[in-house]
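What follows is a single structure, written as structure tokens, with notes after it.
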Amino acid sequence: MTNTVEELLKFAQLQSEEPESLDEKVLVDRVFEQLLSSLRAEGDQKGIELAFESKIESPAVPGSEAMLKDLFQHIIENAVAFGEQGGRVLVELKDRGEHYEISVADDGIGISEDQLEKVFERFYQVEKFMTRTHEGFGIGRTLRDHIAELHGGYIRLESEPGRGTTCFVGLPKDMGGKGATAKPKD
């Protein structure tokens with residue numbers, strides 16, 4: 001319940017205020033090392049291996065480290081929550097030219113194609129209310145989408161029922177003042 005209240009407060013704050021400073025130099029690999037270390041116990045409870053792969057030395061993006069940590073923590077927590085018992089959650093960082101693309105892949109239950117478009121709608125949840133096994137009101141994904149947009153980035157999902165879900169987040173390497181955006185690769 002506490003997490004749900006925190007989500008509602010963050011959502012309201014982002015909707016009503018100017019965001020905190022978005023001009024910090026955020027070392028992306030360090031963010032993931034910290035997050036995976038702090039979430040390891042959750043993964044261990046389900047026997048899920050948490051892994052990070054990157055061949056990029058000291059990748060940095062402009063933005064708010066606190067907001068980006070929140071964004072990726074939510075994505076990784078969902079991957080663990082919906083991941084296959086004894087499976088793996090893989091976080092990968094790739095250089096896409098003017099932006100970095102981070103993928104978080106699980107081998108869990110997946111999401112059907114007709115549900116994928118709705119995932120980022122406010123208050124939408126793939127699980128039906130009466131059969132839900134995970135808490136929340138479905139605003140976490142909307143909140144994370146908003147955080148990515150504030151950073152000039154994007155979020156997209158690929159999924160197949162029974163095969164898992166991969167969440168892709170693109171973040172520009174340089175905001176170039178204002179207006180720089182990351183474009184998803186088709």
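Ordering of the structure tokens sets the chain letters (A, B, ...); residue numbers start at 1 within each chain; ligands are numbered from 1 in the order shown.
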
Near range 92-109 of chain A, within 9 Å and counting only C-alpha atoms, which residues show up once chain neighbours fewer than 6 positions away are dropped, as a PDB file with N, CA and C atoms, in the first residue's frame?
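As a result, around-v5.pdb now contains:
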```
ATOM      1  N   VAL A  28      25.180   6.204 -16.487  1.00  0.00           N
ATOM      2  CA  VAL A  28      24.151   5.183 -16.628  1.00  0.00           C
ATOM      3  C   VAL A  28      24.599   3.826 -16.088  1.00  0.00           C
ATOM      4  N   ASP A  29      25.838   3.430 -16.365  1.00  0.00           N
ATOM      5  CA  ASP A  29      26.293   2.123 -15.888  1.00  0.00           C
ATOM      6  C   ASP A  29      26.304   2.059 -14.361  1.00  0.00           C
ATOM      7  N   ALA A  51      21.263  -9.458 -14.468  1.00  0.00           N
ATOM      8  CA  ALA A  51      22.536  -9.263 -15.169  1.00  0.00           C
ATOM      9  C   ALA A  51      22.535  -7.929 -15.917  1.00  0.00           C
ATOM     10  N   PHE A  52      23.722  -7.340 -16.032  1.00  0.00           N
ATOM     11  CA  PHE A  52      23.908  -6.096 -16.772  1.00  0.00           C
ATOM     12  C   PHE A  52      25.039  -6.290 -17.769  1.00  0.00           C
ATOM     13  N   GLU A  53      24.794  -5.916 -19.025  1.00  0.00           N
ATOM     14  CA  GLU A  53      25.809  -6.028 -20.067  1.00  0.00           C
ATOM     15  C   GLU A  53      25.933  -4.709 -20.816  1.00  0.00           C
ATOM     16  N   SER A  54      27.187  -4.271 -20.964  1.00  0.00           N
ATOM     17  CA  SER A  54      27.475  -3.061 -21.724  1.00  0.00           C
ATOM     18  C   SER A  54      28.933  -3.091 -22.147  1.00  0.00           C
ATOM     19  N   LYS A  55      29.183  -2.651 -23.369  1.00  0.00           N
ATOM     20  CA  LYS A  55      30.558  -2.543 -23.860  1.00  0.00           C
ATOM     21  C   LYS A  55      30.960  -1.074 -23.975  1.00  0.00           C
ATOM     22  N   ILE A  56      30.144  -0.203 -23.395  1.00  0.00           N
ATOM     23  CA  ILE A  56      30.367   1.237 -23.483  1.00  0.00           C
ATOM     24  C   ILE A  56      31.077   1.693 -22.217  1.00  0.00           C
ATOM     25  N   PRO A  59      29.277   5.492 -19.915  1.00  0.00           N
ATOM     26  CA  PRO A  59      28.183   6.161 -20.627  1.00  0.00           C
ATOM     27  C   PRO A  59      27.485   7.170 -19.715  1.00  0.00           C
ATOM     28  N   VAL A  61      24.434  10.431 -19.604  1.00  0.00           N
ATOM     29  CA  VAL A  61      23.351  11.174 -20.229  1.00  0.00           C
ATOM     30  C   VAL A  61      23.017  12.360 -19.336  1.00  0.00           C
ATOM     31  N   PHE A  72      14.090   3.319 -14.027  1.00  0.00           N
ATOM     32  CA  PHE A  72      14.654   1.986 -14.244  1.00  0.00           C
ATOM     33  C   PHE A  72      14.364   1.027 -13.092  1.00  0.00           C
ATOM     34  N   ILE A  75      10.989  -0.433 -13.926  1.00  0.00           N
ATOM     35  CA  ILE A  75      11.059  -1.371 -15.048  1.00  0.00           C
ATOM     36  C   ILE A  75      11.681  -2.704 -14.598  1.00  0.00           C
ATOM     37  N   ILE A  76      12.773  -2.626 -13.843  1.00  0.00           N
ATOM     38  CA  ILE A  76      13.441  -3.850 -13.390  1.00  0.00           C
ATOM     39  C   ILE A  76      12.569  -4.598 -12.383  1.00  0.00           C
ATOM     40  N   ALA A  79      10.058  -6.478 -14.277  1.00  0.00           N
ATOM     41  CA  ALA A  79      10.665  -7.639 -14.934  1.00  0.00           C
ATOM     42  C   ALA A  79      10.842  -8.788 -13.945  1.00  0.00           C
ATOM     43  N   VAL A  80      11.227  -8.470 -12.717  1.00  0.00           N
ATOM     44  CA  VAL A  80      11.378  -9.498 -11.689  1.00  0.00           C
ATOM     45  C   VAL A  80      10.001 -10.033 -11.293  1.00  0.00           C
ATOM     46  N   ALA A  81       9.045  -9.137 -11.070  1.00  0.00           N
ATOM     47  CA  ALA A  81       7.712  -9.553 -10.628  1.00  0.00           C
ATOM     48  C   ALA A  81       7.024 -10.466 -11.634  1.00  0.00           C
ATOM     49  N   PHE A  82       7.185 -10.173 -12.924  1.00  0.00           N
ATOM     50  CA  PHE A  82       6.501 -10.945 -13.951  1.00  0.00           C
ATOM     51  C   PHE A  82       7.427 -11.943 -14.643  1.00  0.00           C
ATOM     52  N   GLY A  83       8.671 -12.020 -14.176  1.00  0.00           N
ATOM     53  CA  GLY A  83       9.641 -12.947 -14.753  1.00  0.00           C
ATOM     54  C   GLY A  83       9.375 -14.383 -14.333  1.00  0.00           C
ATOM     55  N   GLU A  84       9.956 -15.285 -15.072  1.00  0.00           N
ATOM     56  CA  GLU A  84       9.819 -16.724 -14.833  1.00  0.00           C
ATOM     57  C   GLU A  84      10.639 -17.134 -13.611  1.00  0.00           C
ATOM     58  N   GLN A  85      10.024 -17.907 -12.731  1.00  0.00           N
ATOM     59  CA  GLN A  85      10.735 -18.462 -11.564  1.00  0.00           C
ATOM     60  C   GLN A  85      11.989 -19.169 -12.081  1.00  0.00           C
ATOM     61  N   GLY A 153      13.549  11.288 -24.216  1.00  0.00           N
ATOM     62  CA  GLY A 153      13.651   9.886 -24.594  1.00  0.00           C
ATOM     63  C   GLY A 153      12.333   9.237 -24.920  1.00  0.00           C
ATOM     64  N   GLU A 160       5.696 -11.170 -26.023  1.00  0.00           N
ATOM     65  CA  GLU A 160       4.948 -12.293 -26.559  1.00  0.00           C
ATOM     66  C   GLU A 160       4.523 -13.151 -25.375  1.00  0.00           C
ATOM     67  N   PRO A 161       3.226 -13.453 -25.288  1.00  0.00           N
ATOM     68  CA  PRO A 161       2.766 -14.278 -24.169  1.00  0.00           C
ATOM     69  C   PRO A 161       3.563 -15.584 -24.063  1.00  0.00           C
ATOM     70  N   GLY A 162       3.991 -15.873 -22.836  1.00  0.00           N
ATOM     71  CA  GLY A 162       4.743 -17.088 -22.569  1.00  0.00           C
ATOM     72  C   GLY A 162       6.218 -17.004 -22.884  1.00  0.00           C
ATOM     73  N   ARG A 163       6.664 -15.895 -23.479  1.00  0.00           N
ATOM     74  CA  ARG A 163       8.074 -15.745 -23.852  1.00  0.00           C
ATOM     75  C   ARG A 163       8.756 -14.560 -23.169  1.00  0.00           C
ATOM     76  N   GLY A 164       7.980 -13.708 -22.522  1.00  0.00           N
ATOM     77  CA  GLY A 164       8.573 -12.587 -21.811  1.00  0.00           C
ATOM     78  C   GLY A 164       8.358 -11.251 -22.488  1.00  0.00           C
ATOM     79  N   THR A 165       8.921 -10.241 -21.854  1.00  0.00           N
ATOM     80  CA  THR A 165       8.766  -8.859 -22.300  1.00  0.00           C
ATOM     81  C   THR A 165      10.122  -8.174 -22.284  1.00  0.00           C
ATOM     82  N   THR A 166      10.352  -7.324 -23.267  1.00  0.00           N
ATOM     83  CA  THR A 166      11.536  -6.468 -23.276  1.00  0.00           C
ATOM     84  C   THR A 166      11.061  -5.030 -23.333  1.00  0.00           C
ATOM     85  N   CYS A 167      11.555  -4.238 -22.389  1.00  0.00           N
ATOM     86  CA  CYS A 167      11.258  -2.814 -22.340  1.00  0.00           C
ATOM     87  C   CYS A 167      12.491  -2.068 -22.846  1.00  0.00           C
ATOM     88  N   PHE A 168      12.310  -1.208 -23.831  1.00  0.00           N
ATOM     89  CA  PHE A 168      13.396  -0.414 -24.398  1.00  0.00           C
ATOM     90  C   PHE A 168      13.213   1.039 -23.986  1.00  0.00           C
ATOM     91  N   VAL A 169      14.294   1.645 -23.510  1.00  0.00           N
ATOM     92  CA  VAL A 169      14.288   3.063 -23.158  1.00  0.00           C
ATOM     93  C   VAL A 169      15.429   3.724 -23.914  1.00  0.00           C
ATOM     94  N   GLY A 170      15.105   4.769 -24.658  1.00  0.00           N
ATOM     95  CA  GLY A 170      16.124   5.532 -25.363  1.00  0.00           C
ATOM     96  C   GLY A 170      16.324   6.868 -24.673  1.00  0.00           C
ATOM     97  N   LEU A 171      17.589   7.238 -24.478  1.00  0.00           N
ATOM     98  CA  LEU A 171      17.930   8.516 -23.854  1.00  0.00           C
ATOM     99  C   LEU A 171      19.015   9.201 -24.681  1.00  0.00           C
ATOM    100  N   PRO A 172      18.796  10.477 -25.040  1.00  0.00           N
ATOM    101  CA  PRO A 172      19.810  11.178 -25.828  1.00  0.00           C
ATOM    102  C   PRO A 172      21.091  11.377 -25.014  1.00  0.00           C
ATOM    103  N   LYS A 173      22.211  11.298 -25.723  1.00  0.00           N
ATOM    104  CA  LYS A 173      23.511  11.503 -25.070  1.00  0.00           C
ATOM    105  C   LYS A 173      23.702  12.970 -24.694  1.00  0.00           C
ATOM    106  N   ASP A 174      23.137  13.858 -25.504  1.00  0.00           N
ATOM    107  CA  ASP A 174      23.318  15.285 -25.270  1.00  0.00           C
ATOM    108  C   ASP A 174      22.009  15.988 -25.591  1.00  0.00           C
ATOM    109  N   THR A 181      16.027  14.785 -28.909  1.00  0.00           N
ATOM    110  CA  THR A 181      15.229  13.618 -28.569  1.00  0.00           C
ATOM    111  C   THR A 181      15.887  12.359 -29.102  1.00  0.00           C
ATOM    112  N   ALA A 182      15.580  11.270 -28.428  1.00  0.00           N
ATOM    113  CA  ALA A 182      16.014   9.957 -28.894  1.00  0.00           C
ATOM    114  C   ALA A 182      14.892   9.392 -29.739  1.00  0.00           C
ATOM    115  N   LYS A 183      15.233   8.793 -30.841  1.00  0.00           N
ATOM    116  CA  LYS A 183      14.242   8.191 -31.731  1.00  0.00           C
ATOM    117  C   LYS A 183      14.380   6.678 -31.676  1.00  0.00           C
ATOM    118  N   PRO A 184      13.254   5.967 -31.480  1.00  0.00           N
ATOM    119  CA  PRO A 184      13.336   4.496 -31.468  1.00  0.00           C
ATOM    120  C   PRO A 184      13.739   3.962 -32.837  1.00  0.00           C
ATOM    121  N   LYS A 185      14.520   2.891 -32.804  1.00  0.00           N
ATOM    122  CA  LYS A 185      14.924   2.215 -34.030  1.00  0.00           C
ATOM    123  C   LYS A 185      13.813   1.285 -34.466  1.00  0.00           C
TER     124      LYS A 185
END
```

* To do: For Leu68 in chain A, list every protein, DNA or RNA residue within 9 Å, evaluated using only C-alpha atoms, and leave out those in the same chain fewer than 2 positions away; present the list as a count of residues only.
  => 15

* Exercise: Ala41 in chain A partners within 12 Å, only C-alpha atoms, chain neighbours under 6 positions left out, as a PyMOL selection string -> chain A and resi 35+47-50+77+80

Can you write just those residues out, N, CA, C and O atoms, as a PDB file, in the first residue's frame?
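The result, written out as result-v1.pdb:
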```
ATOM      1  N   LEU A  35      21.272  -0.194  -8.852  1.00  0.00           N
ATOM      2  CA  LEU A  35      19.917  -0.745  -8.842  1.00  0.00           C
ATOM      3  C   LEU A  35      19.924  -2.269  -8.774  1.00  0.00           C
ATOM      4  O   LEU A  35      19.184  -2.859  -7.987  1.00  0.00           O
ATOM      5  N   GLY A  47      14.544 -16.794  -7.528  1.00  0.00           N
ATOM      6  CA  GLY A  47      15.589 -17.520  -8.241  1.00  0.00           C
ATOM      7  C   GLY A  47      15.917 -16.887  -9.582  1.00  0.00           C
ATOM      8  O   GLY A  47      16.355 -17.561 -10.510  1.00  0.00           O
ATOM      9  N   ILE A  48      15.706 -15.574  -9.698  1.00  0.00           N
ATOM     10  CA  ILE A  48      15.948 -14.864 -10.953  1.00  0.00           C
ATOM     11  C   ILE A  48      17.322 -14.206 -10.912  1.00  0.00           C
ATOM     12  O   ILE A  48      17.644 -13.465  -9.991  1.00  0.00           O
ATOM     13  N   GLU A  49      18.106 -14.493 -11.938  1.00  0.00           N
ATOM     14  CA  GLU A  49      19.418 -13.873 -12.073  1.00  0.00           C
ATOM     15  C   GLU A  49      19.238 -12.472 -12.655  1.00  0.00           C
ATOM     16  O   GLU A  49      18.524 -12.283 -13.645  1.00  0.00           O
ATOM     17  N   LEU A  50      19.893 -11.482 -12.052  1.00  0.00           N
ATOM     18  CA  LEU A  50      19.875 -10.116 -12.575  1.00  0.00           C
ATOM     19  C   LEU A  50      21.241  -9.848 -13.197  1.00  0.00           C
ATOM     20  O   LEU A  50      22.268  -9.999 -12.535  1.00  0.00           O
ATOM     21  N   GLU A  77      11.917  -3.871 -11.474  1.00  0.00           N
ATOM     22  CA  GLU A  77      11.015  -4.529 -10.519  1.00  0.00           C
ATOM     23  C   GLU A  77       9.889  -5.261 -11.237  1.00  0.00           C
ATOM     24  O   GLU A  77       9.516  -6.366 -10.849  1.00  0.00           O
ATOM     25  N   VAL A  80      11.227  -8.470 -12.717  1.00  0.00           N
ATOM     26  CA  VAL A  80      11.378  -9.498 -11.689  1.00  0.00           C
ATOM     27  C   VAL A  80      10.001 -10.033 -11.293  1.00  0.00           C
ATOM     28  O   VAL A  80       9.789 -11.248 -11.204  1.00  0.00           O
TER      29      VAL A  80
END
```

* Structure fact -> note - CA of Lys69 in chain A and CA of Ser112 in chain A are separated by 27.5 Å

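Distances to Ala60 in chain A were evaluated for A:Lys25, A:Val91, A:Lys46, A:Gly86 using only C-alpha atoms, and the minimum falls at A:Lys25.
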
* Which of A:Glu158, A:Asn78, A:Arg30, A:Ser38 sits closest to Glu57 in chain A [using only C-alpha atoms] -> A:Arg30

* To do: Rank nothing, just name the residue among A:His74, A:Pro62, A:Gln115, A:Leu36 nearest to Leu22 in chain A, using only C-alpha atoms.
  =>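 Result for the nearest residue to Leu22 in chain A: A:Pro62.
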
* Enumerate, as an NGL selection string, the complete set of residues in range 26-173 of chain A that a backbone-based DSSP assignment places in helix (DSSP H, G or I). => :A and (28-45 or 65-82 or 113-116 or 129-131 or 140-150)

* To do: Measuring atom to atom with only C-alpha atoms, identify which of A:Leu39, A:Val89, A:Leu150, A:Leu157 is nearest to Leu116 in chain A.
  =>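 Closest to Leu116 in chain A, using only C-alpha atoms: A:Leu157.
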